[in-house]
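Text of the file query.cif, holding mmCIF, C-alpha atoms:
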```
data_structure
#
loop_
_atom_site.label_atom_id
_atom_site.label_comp_id
_atom_site.auth_asym_id
_atom_site.auth_seq_id
_atom_site.Cartn_x
_atom_site.Cartn_y
_atom_site.Cartn_z
CA MET T 1 29.44 57.67 -10.19
CA ALA T 2 31.61 55.13 -11.99
CA LYS T 3 34.15 55.23 -9.16
CA GLN T 4 31.45 54.41 -6.58
CA GLU T 5 30.22 51.46 -8.65
CA ASN T 6 33.80 50.20 -9.01
CA GLN T 7 34.34 50.45 -5.25
CA ASP T 8 31.07 48.59 -4.57
CA ASP T 9 32.18 45.96 -7.07
CA GLN T 10 35.49 45.54 -5.18
CA GLY T 11 33.54 45.25 -1.92
CA TYR T 12 31.35 42.57 -3.45
CA LYS T 13 34.38 40.70 -4.79
CA THR T 14 36.13 40.88 -1.41
CA ARG T 15 33.05 39.62 0.43
CA ALA T 16 32.53 36.82 -2.08
CA ALA T 17 36.17 35.69 -1.90
CA ALA T 18 36.11 35.71 1.92
CA LEU T 19 32.86 33.79 2.01
CA ARG T 20 34.16 31.16 -0.44
CA LEU T 21 37.22 30.63 1.75
CA LEU T 22 35.10 30.34 4.90
CA ALA T 23 32.75 27.89 3.19
CA ARG T 24 35.65 25.45 2.70
CA ARG T 25 36.91 25.49 6.30
CA GLU T 26 37.27 27.66 9.38
CA HIS T 27 39.96 30.35 9.12
CA SER T 28 41.48 32.66 11.70
CA ARG T 29 41.19 36.37 11.03
CA LEU T 30 44.92 36.53 10.22
CA GLU T 31 44.75 33.63 7.75
CA LEU T 32 41.75 35.09 5.95
CA SER T 33 43.32 38.53 5.85
CA LEU T 34 46.53 37.13 4.33
CA LYS T 35 44.63 35.14 1.72
CA LEU T 36 42.60 38.18 0.71
CA ARG T 37 45.75 40.31 0.50
CA GLN T 38 47.27 37.69 -1.82
CA ARG T 39 44.28 38.28 -4.06
CA ARG T 40 45.23 41.99 -4.11
CA PHE T 41 42.20 43.42 -2.32
CA GLU T 42 42.65 46.74 -0.50
CA ASN T 43 43.64 46.52 3.18
CA GLY T 44 40.88 48.88 4.32
CA LEU T 45 38.27 46.89 2.45
CA ILE T 46 39.60 43.61 3.83
CA GLU T 47 39.40 44.89 7.43
CA GLU T 48 35.88 46.20 6.82
CA VAL T 49 34.72 42.82 5.45
CA LEU T 50 36.41 40.87 8.26
CA ASP T 51 34.83 43.12 10.91
CA GLU T 52 31.44 42.60 9.28
CA TYR T 53 31.89 38.82 9.16
CA GLU T 54 32.96 38.72 12.81
CA GLU T 55 29.82 40.66 13.79
CA GLN T 56 27.69 38.18 11.82
CA GLY T 57 29.47 35.24 13.46
CA TRP T 58 30.88 33.86 10.23
CA LEU T 59 34.47 34.50 11.34
CA ASP T 60 35.43 33.56 14.89
CA ASP T 61 38.99 33.00 16.13
CA HIS T 62 37.74 31.07 19.18
CA ARG T 63 35.77 28.64 17.03
CA PHE T 64 38.69 28.31 14.62
CA ALA T 65 41.10 27.57 17.50
CA ASP T 66 38.80 24.90 18.90
CA VAL T 67 38.24 23.16 15.55
CA TYR T 68 41.91 23.38 14.58
CA SER T 69 43.10 22.08 17.97
CA ARG T 70 40.73 19.11 17.90
CA GLN T 71 41.87 18.18 14.40
CA ARG T 72 45.54 18.35 15.37
CA MET T 73 44.92 16.38 18.58
CA ASP T 74 43.20 13.66 16.54
CA LEU T 75 46.29 13.50 14.32
CA GLY T 76 48.52 12.89 17.36
CA TYR T 77 50.08 16.31 17.90
CA GLY T 78 51.05 17.56 21.34
CA PRO T 79 50.12 20.77 23.14
CA LEU T 80 53.32 22.69 22.39
CA ARG T 81 53.03 22.15 18.65
CA ILE T 82 49.32 22.95 18.55
CA LEU T 83 49.74 26.18 20.52
CA GLY T 84 52.68 27.21 18.32
CA GLU T 85 50.67 26.59 15.15
CA LEU T 86 47.75 28.59 16.55
CA GLN T 87 50.05 31.51 17.30
CA GLN T 88 51.36 31.41 13.74
CA ARG T 89 47.77 31.72 12.61
CA GLY T 90 47.14 34.76 14.79
CA VAL T 91 45.36 33.06 17.69
CA HIS T 92 46.94 34.00 21.02
CA HIS T 93 44.65 32.23 23.47
CA THR T 94 44.39 28.61 24.55
CA PRO T 95 41.22 26.89 23.35
CA GLU T 96 39.01 25.15 25.90
CA CYS T 97 39.65 21.70 24.43
CA LEU T 98 43.38 22.10 25.20
CA ASP T 99 42.71 23.51 28.66
CA ALA T 100 40.53 20.48 29.42
CA MET T 101 43.42 18.07 28.77
CA THR T 102 45.45 17.11 31.83
CA GLU T 103 49.11 16.12 31.90
CA GLU T 104 47.97 12.50 32.22
CA ASP T 105 45.81 12.85 29.11
CA TRP T 106 48.74 14.21 27.10
CA CYS T 107 50.99 11.41 28.34
CA ALA T 108 48.38 8.88 27.22
CA VAL T 109 48.26 10.52 23.77
CA ALA T 110 52.06 10.37 23.53
CA ILE T 111 52.10 6.72 24.62
CA LYS T 112 49.39 5.83 22.10
CA LEU T 113 51.30 7.62 19.34
CA ARG T 114 54.53 5.83 20.26
CA GLU T 115 52.74 2.48 20.40
CA ARG T 116 51.15 3.03 16.99
CA ARG T 117 54.38 4.22 15.37
CA PHE T 118 57.08 2.13 17.05
CA GLY T 119 55.51 -0.32 19.49
CA LEU T 120 56.10 -0.24 23.24
CA SER T 121 59.30 -2.24 23.43
CA ASP T 122 61.85 -1.79 26.23
CA LEU T 123 64.37 0.88 25.24
CA GLU T 124 66.64 0.57 28.27
CA ASP T 125 69.63 -0.78 26.32
CA ASP T 126 68.95 0.75 22.89
CA TRP T 127 70.08 4.36 23.13
CA ASP T 128 69.85 5.12 19.37
CA THR T 129 66.25 3.94 19.10
CA LYS T 130 65.32 5.77 22.29
CA VAL T 131 66.78 9.04 20.95
CA ARG T 132 65.04 8.59 17.58
CA GLN T 133 61.67 8.03 19.25
CA ALA T 134 62.22 10.93 21.64
CA ARG T 135 62.97 13.26 18.72
CA PHE T 136 59.83 12.10 16.94
CA LEU T 137 57.64 12.80 19.97
CA ASN T 138 59.41 16.12 20.53
CA ARG T 139 58.73 17.22 16.94
CA ARG T 140 55.10 16.28 17.45
CA GLY T 141 54.91 18.88 20.25
CA PHE T 142 55.06 16.90 23.46
CA SER T 143 56.91 18.27 26.50
CA ALA T 144 60.04 16.62 27.85
CA SER T 145 58.16 15.04 30.74
CA GLN T 146 55.48 13.67 28.41
CA VAL T 147 58.14 12.23 26.10
CA GLU T 148 59.95 10.67 29.05
CA ARG T 149 56.75 9.05 30.32
CA ALA T 150 55.96 7.73 26.82
CA LEU T 151 59.43 6.23 26.45
CA GLU T 152 59.16 4.50 29.83
CA ALA T 153 55.75 2.97 29.04
CA ARG T 154 55.57 -0.78 28.42
CA GLU T 155 51.80 -0.89 28.07
CA PHE T 156 49.00 1.51 27.29
CA PRO T 157 47.61 3.15 30.48
CA GLU T 158 44.17 2.07 31.70
CA ASP T 159 41.37 4.64 31.41
#
```
Write the structure described by the file as C-alpha coordinates, please.
Amino acid sequence: MAKQENQDDQGYKTRAAALRLLARREHSRLELSLKLRQRRFENGLIEEVLDEYEEQGWLDDHRFADVYSRQRMDLGYGPLRILGELQQRGVHHTPECLDAMTEEDWCAVAIKLRERRFGLSDLEDDWDTKVRQARFLNRRGFSASQVERALEAREFPED
(Lines of atoms letter the chains of each structure in order from A and count residues from 1; the text may use other names and numbers.)
(Lines give C-alpha, C1' and ligand atoms only; values in the text may rest on other atoms or scores of the structure.)
Protein backbone atom coordinates (compact mmCIF):
# COMPACT_ATOMS: atom_id res chain seq x y z
CA MET A 1 0.00 0.00 0.00
CA ALA A 2 2.83 2.39 0.82
CA LYS A 3 4.30 1.91 -2.66
CA GLN A 4 0.98 2.88 -4.30
CA GLU A 5 0.74 6.02 -2.17
CA ASN A 6 4.33 6.94 -3.07
CA GLN A 7 3.59 6.47 -6.77
CA ASP A 8 0.44 8.60 -6.50
CA ASP A 9 2.51 11.23 -4.70
CA GLN A 10 5.04 11.23 -7.57
CA GLY A 11 2.17 11.57 -10.05
CA TYR A 12 0.82 14.52 -8.10
CA LYS A 13 4.26 16.13 -7.95
CA THR A 14 4.79 15.63 -11.68
CA ARG A 15 1.40 17.10 -12.54
CA ALA A 16 1.94 20.05 -10.20
CA ALA A 17 5.40 20.80 -11.63
CA ALA A 18 4.11 20.62 -15.21
CA LEU A 19 1.16 22.85 -14.40
CA ARG A 20 3.40 25.44 -12.70
CA LEU A 21 5.61 25.56 -15.79
CA LEU A 22 2.62 25.93 -18.10
CA ALA A 23 1.15 28.67 -15.92
CA ARG A 24 4.24 30.82 -16.56
CA ARG A 25 4.26 30.50 -20.36
CA GLU A 26 3.42 28.17 -23.23
CA HIS A 27 5.82 25.24 -23.64
CA SER A 28 6.23 22.67 -26.39
CA ARG A 29 5.87 19.04 -25.39
CA LEU A 30 9.64 18.55 -25.80
CA GLU A 31 10.52 21.56 -23.64
CA LEU A 32 8.16 20.49 -20.87
CA SER A 33 9.40 16.92 -21.02
CA LEU A 34 13.03 18.06 -20.71
CA LYS A 35 12.25 20.34 -17.79
CA LEU A 36 10.41 17.57 -15.95
CA ARG A 37 13.29 15.15 -16.61
CA GLN A 38 15.68 17.70 -15.10
CA ARG A 39 13.54 17.51 -11.98
CA ARG A 40 14.16 13.74 -11.96
CA PHE A 41 10.61 12.54 -12.57
CA GLU A 42 10.17 9.11 -14.19
CA ASN A 43 9.92 9.06 -18.00
CA GLY A 44 6.77 6.94 -18.02
CA LEU A 45 5.07 9.26 -15.56
CA ILE A 46 6.14 12.33 -17.54
CA GLU A 47 4.68 10.92 -20.78
CA GLU A 48 1.45 10.00 -18.99
CA VAL A 49 1.08 13.53 -17.57
CA LEU A 50 1.91 15.18 -20.91
CA ASP A 51 -0.62 12.98 -22.74
CA GLU A 52 -3.24 13.90 -20.15
CA TYR A 53 -2.48 17.62 -20.47
CA GLU A 54 -2.65 17.45 -24.27
CA GLU A 55 -6.08 15.79 -24.04
CA GLN A 56 -7.25 18.56 -21.69
CA GLY A 57 -5.87 21.23 -24.02
CA TRP A 58 -3.37 22.61 -21.52
CA LEU A 59 -0.41 21.56 -23.67
CA ASP A 60 -0.58 22.25 -27.40
CA ASP A 61 2.41 22.39 -29.76
CA HIS A 62 0.40 24.29 -32.39
CA ARG A 63 -0.56 27.00 -29.90
CA PHE A 64 3.00 27.14 -28.58
CA ALA A 65 4.39 27.51 -32.12
CA ASP A 66 1.98 30.33 -32.91
CA VAL A 67 2.68 32.27 -29.71
CA TYR A 68 6.44 31.73 -29.94
CA SER A 69 6.56 32.75 -33.63
CA ARG A 70 4.59 35.94 -33.02
CA GLN A 71 6.88 36.91 -30.15
CA ARG A 72 10.00 36.32 -32.23
CA MET A 73 8.53 38.21 -35.20
CA ASP A 74 7.79 41.17 -32.93
CA LEU A 75 11.44 41.13 -31.84
CA GLY A 76 12.60 41.37 -35.47
CA TYR A 77 13.62 37.79 -36.22
CA GLY A 78 13.32 36.30 -39.69
CA PRO A 79 11.60 33.12 -40.85
CA LEU A 80 14.71 30.93 -41.02
CA ARG A 81 15.69 31.66 -37.43
CA ILE A 82 12.16 31.24 -36.09
CA LEU A 83 11.66 27.89 -37.85
CA GLY A 84 15.06 26.68 -36.63
CA GLU A 85 14.25 27.63 -33.05
CA LEU A 86 10.88 25.88 -33.28
CA GLN A 87 12.57 22.71 -34.51
CA GLN A 88 14.98 22.84 -31.57
CA ARG A 89 11.93 22.94 -29.33
CA GLY A 90 10.39 19.88 -30.96
CA VAL A 91 7.90 21.62 -33.26
CA HIS A 92 8.23 20.38 -36.84
CA HIS A 93 5.42 22.26 -38.55
CA THR A 94 5.11 25.83 -39.76
CA PRO A 95 2.65 27.92 -37.74
CA GLU A 96 -0.12 29.75 -39.58
CA CYS A 97 1.24 33.18 -38.65
CA LEU A 98 4.47 32.38 -40.54
CA ASP A 99 2.60 30.89 -43.49
CA ALA A 100 0.54 34.08 -43.74
CA MET A 101 3.67 36.22 -44.22
CA THR A 102 4.67 36.83 -47.84
CA GLU A 103 8.17 37.45 -49.15
CA GLU A 104 7.28 41.15 -49.36
CA ASP A 105 6.23 41.15 -45.70
CA TRP A 106 9.53 39.60 -44.64
CA CYS A 107 11.48 42.10 -46.74
CA ALA A 108 9.58 44.93 -45.03
CA VAL A 109 10.46 43.47 -41.61
CA ALA A 110 14.13 43.25 -42.62
CA ILE A 111 14.11 46.82 -43.93
CA LYS A 112 12.44 48.08 -40.75
CA LEU A 113 15.00 46.24 -38.61
CA ARG A 114 17.88 47.66 -40.65
CA GLU A 115 16.42 51.16 -40.47
CA ARG A 116 15.99 50.92 -36.70
CA ARG A 117 19.46 49.50 -36.10
CA PHE A 118 21.63 51.23 -38.72
CA GLY A 119 19.55 53.70 -40.69
CA LEU A 120 18.89 53.40 -44.42
CA SER A 121 22.00 55.06 -45.77
CA ASP A 122 23.45 54.24 -49.20
CA LEU A 123 25.94 51.37 -48.87
CA GLU A 124 27.11 51.32 -52.49
CA ASP A 125 30.67 52.45 -51.70
CA ASP A 126 31.03 51.15 -48.12
CA TRP A 127 31.72 47.44 -48.44
CA ASP A 128 32.67 46.88 -44.76
CA THR A 129 29.46 48.42 -43.45
CA LYS A 130 27.40 46.55 -46.02
CA VAL A 131 28.95 43.21 -44.98
CA ARG A 132 28.44 43.99 -41.28
CA GLN A 133 24.77 44.81 -41.82
CA ALA A 134 24.28 41.76 -44.03
CA ARG A 135 25.75 39.49 -41.34
CA PHE A 136 23.46 41.05 -38.74
CA LEU A 137 20.35 40.43 -40.85
CA ASN A 138 21.57 36.93 -41.70
CA ARG A 139 22.01 36.07 -38.01
CA ARG A 140 18.50 37.34 -37.40
CA GLY A 141 17.21 34.65 -39.79
CA PHE A 142 16.46 36.46 -43.02
CA SER A 143 17.10 34.78 -46.38
CA ALA A 144 19.75 36.04 -48.78
CA SER A 145 17.16 37.67 -51.03
CA GLN A 146 15.51 39.40 -48.07
CA VAL A 147 18.88 40.68 -46.84
CA GLU A 148 19.75 41.92 -50.33
CA ARG A 149 16.45 43.79 -50.62
CA ALA A 150 16.95 45.34 -47.17
CA LEU A 151 20.46 46.49 -48.03
CA GLU A 152 19.24 48.09 -51.27
CA ALA A 153 16.41 49.98 -49.55
CA ARG A 154 16.74 53.76 -49.18
CA GLU A 155 13.32 54.26 -47.66
CA PHE A 156 10.74 52.19 -45.85
CA PRO A 157 8.26 50.56 -48.30
CA GLU A 158 4.71 51.92 -48.42
CA ASP A 159 1.96 49.65 -47.07
Selection result of the PyMOL selection byres ((chain T and resi 19-34) around 9) on this file, as an mmCIF file with C-alpha atoms, in the coordinates of the input:
```cif
data_model
loop_
_atom_site.group_PDB
_atom_site.id
_atom_site.type_symbol
_atom_site.label_atom_id
_atom_site.label_comp_id
_atom_site.auth_asym_id
_atom_site.auth_seq_id
_atom_site.Cartn_x
_atom_site.Cartn_y
_atom_site.Cartn_z
ATOM 1 C CA THR T 14 36.130 40.880 -1.410
ATOM 2 C CA ARG T 15 33.050 39.620 0.430
ATOM 3 C CA ALA T 16 32.530 36.820 -2.080
ATOM 4 C CA ALA T 17 36.170 35.690 -1.900
ATOM 5 C CA ALA T 18 36.110 35.710 1.920
ATOM 6 C CA LYS T 35 44.630 35.140 1.720
ATOM 7 C CA LEU T 36 42.600 38.180 0.710
ATOM 8 C CA ARG T 37 45.750 40.310 0.500
ATOM 9 C CA GLN T 38 47.270 37.690 -1.820
ATOM 10 C CA ARG T 39 44.280 38.280 -4.060
ATOM 11 C CA ASN T 43 43.640 46.520 3.180
ATOM 12 C CA ILE T 46 39.600 43.610 3.830
ATOM 13 C CA GLU T 47 39.400 44.890 7.430
ATOM 14 C CA LEU T 50 36.410 40.870 8.260
ATOM 15 C CA TYR T 53 31.890 38.820 9.160
ATOM 16 C CA GLU T 54 32.960 38.720 12.810
ATOM 17 C CA TRP T 58 30.880 33.860 10.230
ATOM 18 C CA LEU T 59 34.470 34.500 11.340
ATOM 19 C CA ASP T 60 35.430 33.560 14.890
ATOM 20 C CA ASP T 61 38.990 33.000 16.130
ATOM 21 C CA HIS T 62 37.740 31.070 19.180
ATOM 22 C CA ARG T 63 35.770 28.640 17.030
ATOM 23 C CA PHE T 64 38.690 28.310 14.620
ATOM 24 C CA ALA T 65 41.100 27.570 17.500
ATOM 25 C CA VAL T 67 38.240 23.160 15.550
ATOM 26 C CA TYR T 68 41.910 23.380 14.580
ATOM 27 C CA LEU T 86 47.750 28.590 16.550
ATOM 28 C CA GLN T 88 51.360 31.410 13.740
ATOM 29 C CA ARG T 89 47.770 31.720 12.610
ATOM 30 C CA GLY T 90 47.140 34.760 14.790
ATOM 31 C CA VAL T 91 45.360 33.060 17.690
#
```
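Nearest to Asp9 (chain T) of all the residues T:Asp66, T:Phe41, T:Glu85, T:Met73 is T:Phe41, counting all atoms listed in the file.
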Chain and number of each residue from the PyMOL selection byres ((chain T and resi 111-123) around 12), as an MDAnalysis selection string
chainID T and resid 73:78 104:110 124:138 140:142 145:158
Could you check which of T:Glu42, T:Asp51, T:His93, T:Met101 is closest to Arg70 (chain T), using all atoms listed in the file?
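Counting all atoms listed in the file, the residue closest to Arg70 (chain T) is T:Met101.
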Given all atoms listed in the file as the basis, pick out the residue of T:Gln56, T:Gly84, T:Glu103, T:Tyr12 nearest to Ser69 (chain T).
T:Gly84
Just how far from CA of Gln87 (chain T) is CA of Ala144 (chain T), in Å to one decimal?
20.8 Å
Taking all atoms of region 115-126 of chain T that the file lists, what box with edges along x, y and z, padded by 6 Å per side, do you get, with centre and edge lengths in Å to one decimal, as JSON?
```
{"center_x": 60.4, "center_y": 1.0, "center_z": 21.8, "size_x": 30.5, "size_y": 18.5, "size_z": 24.9}
```
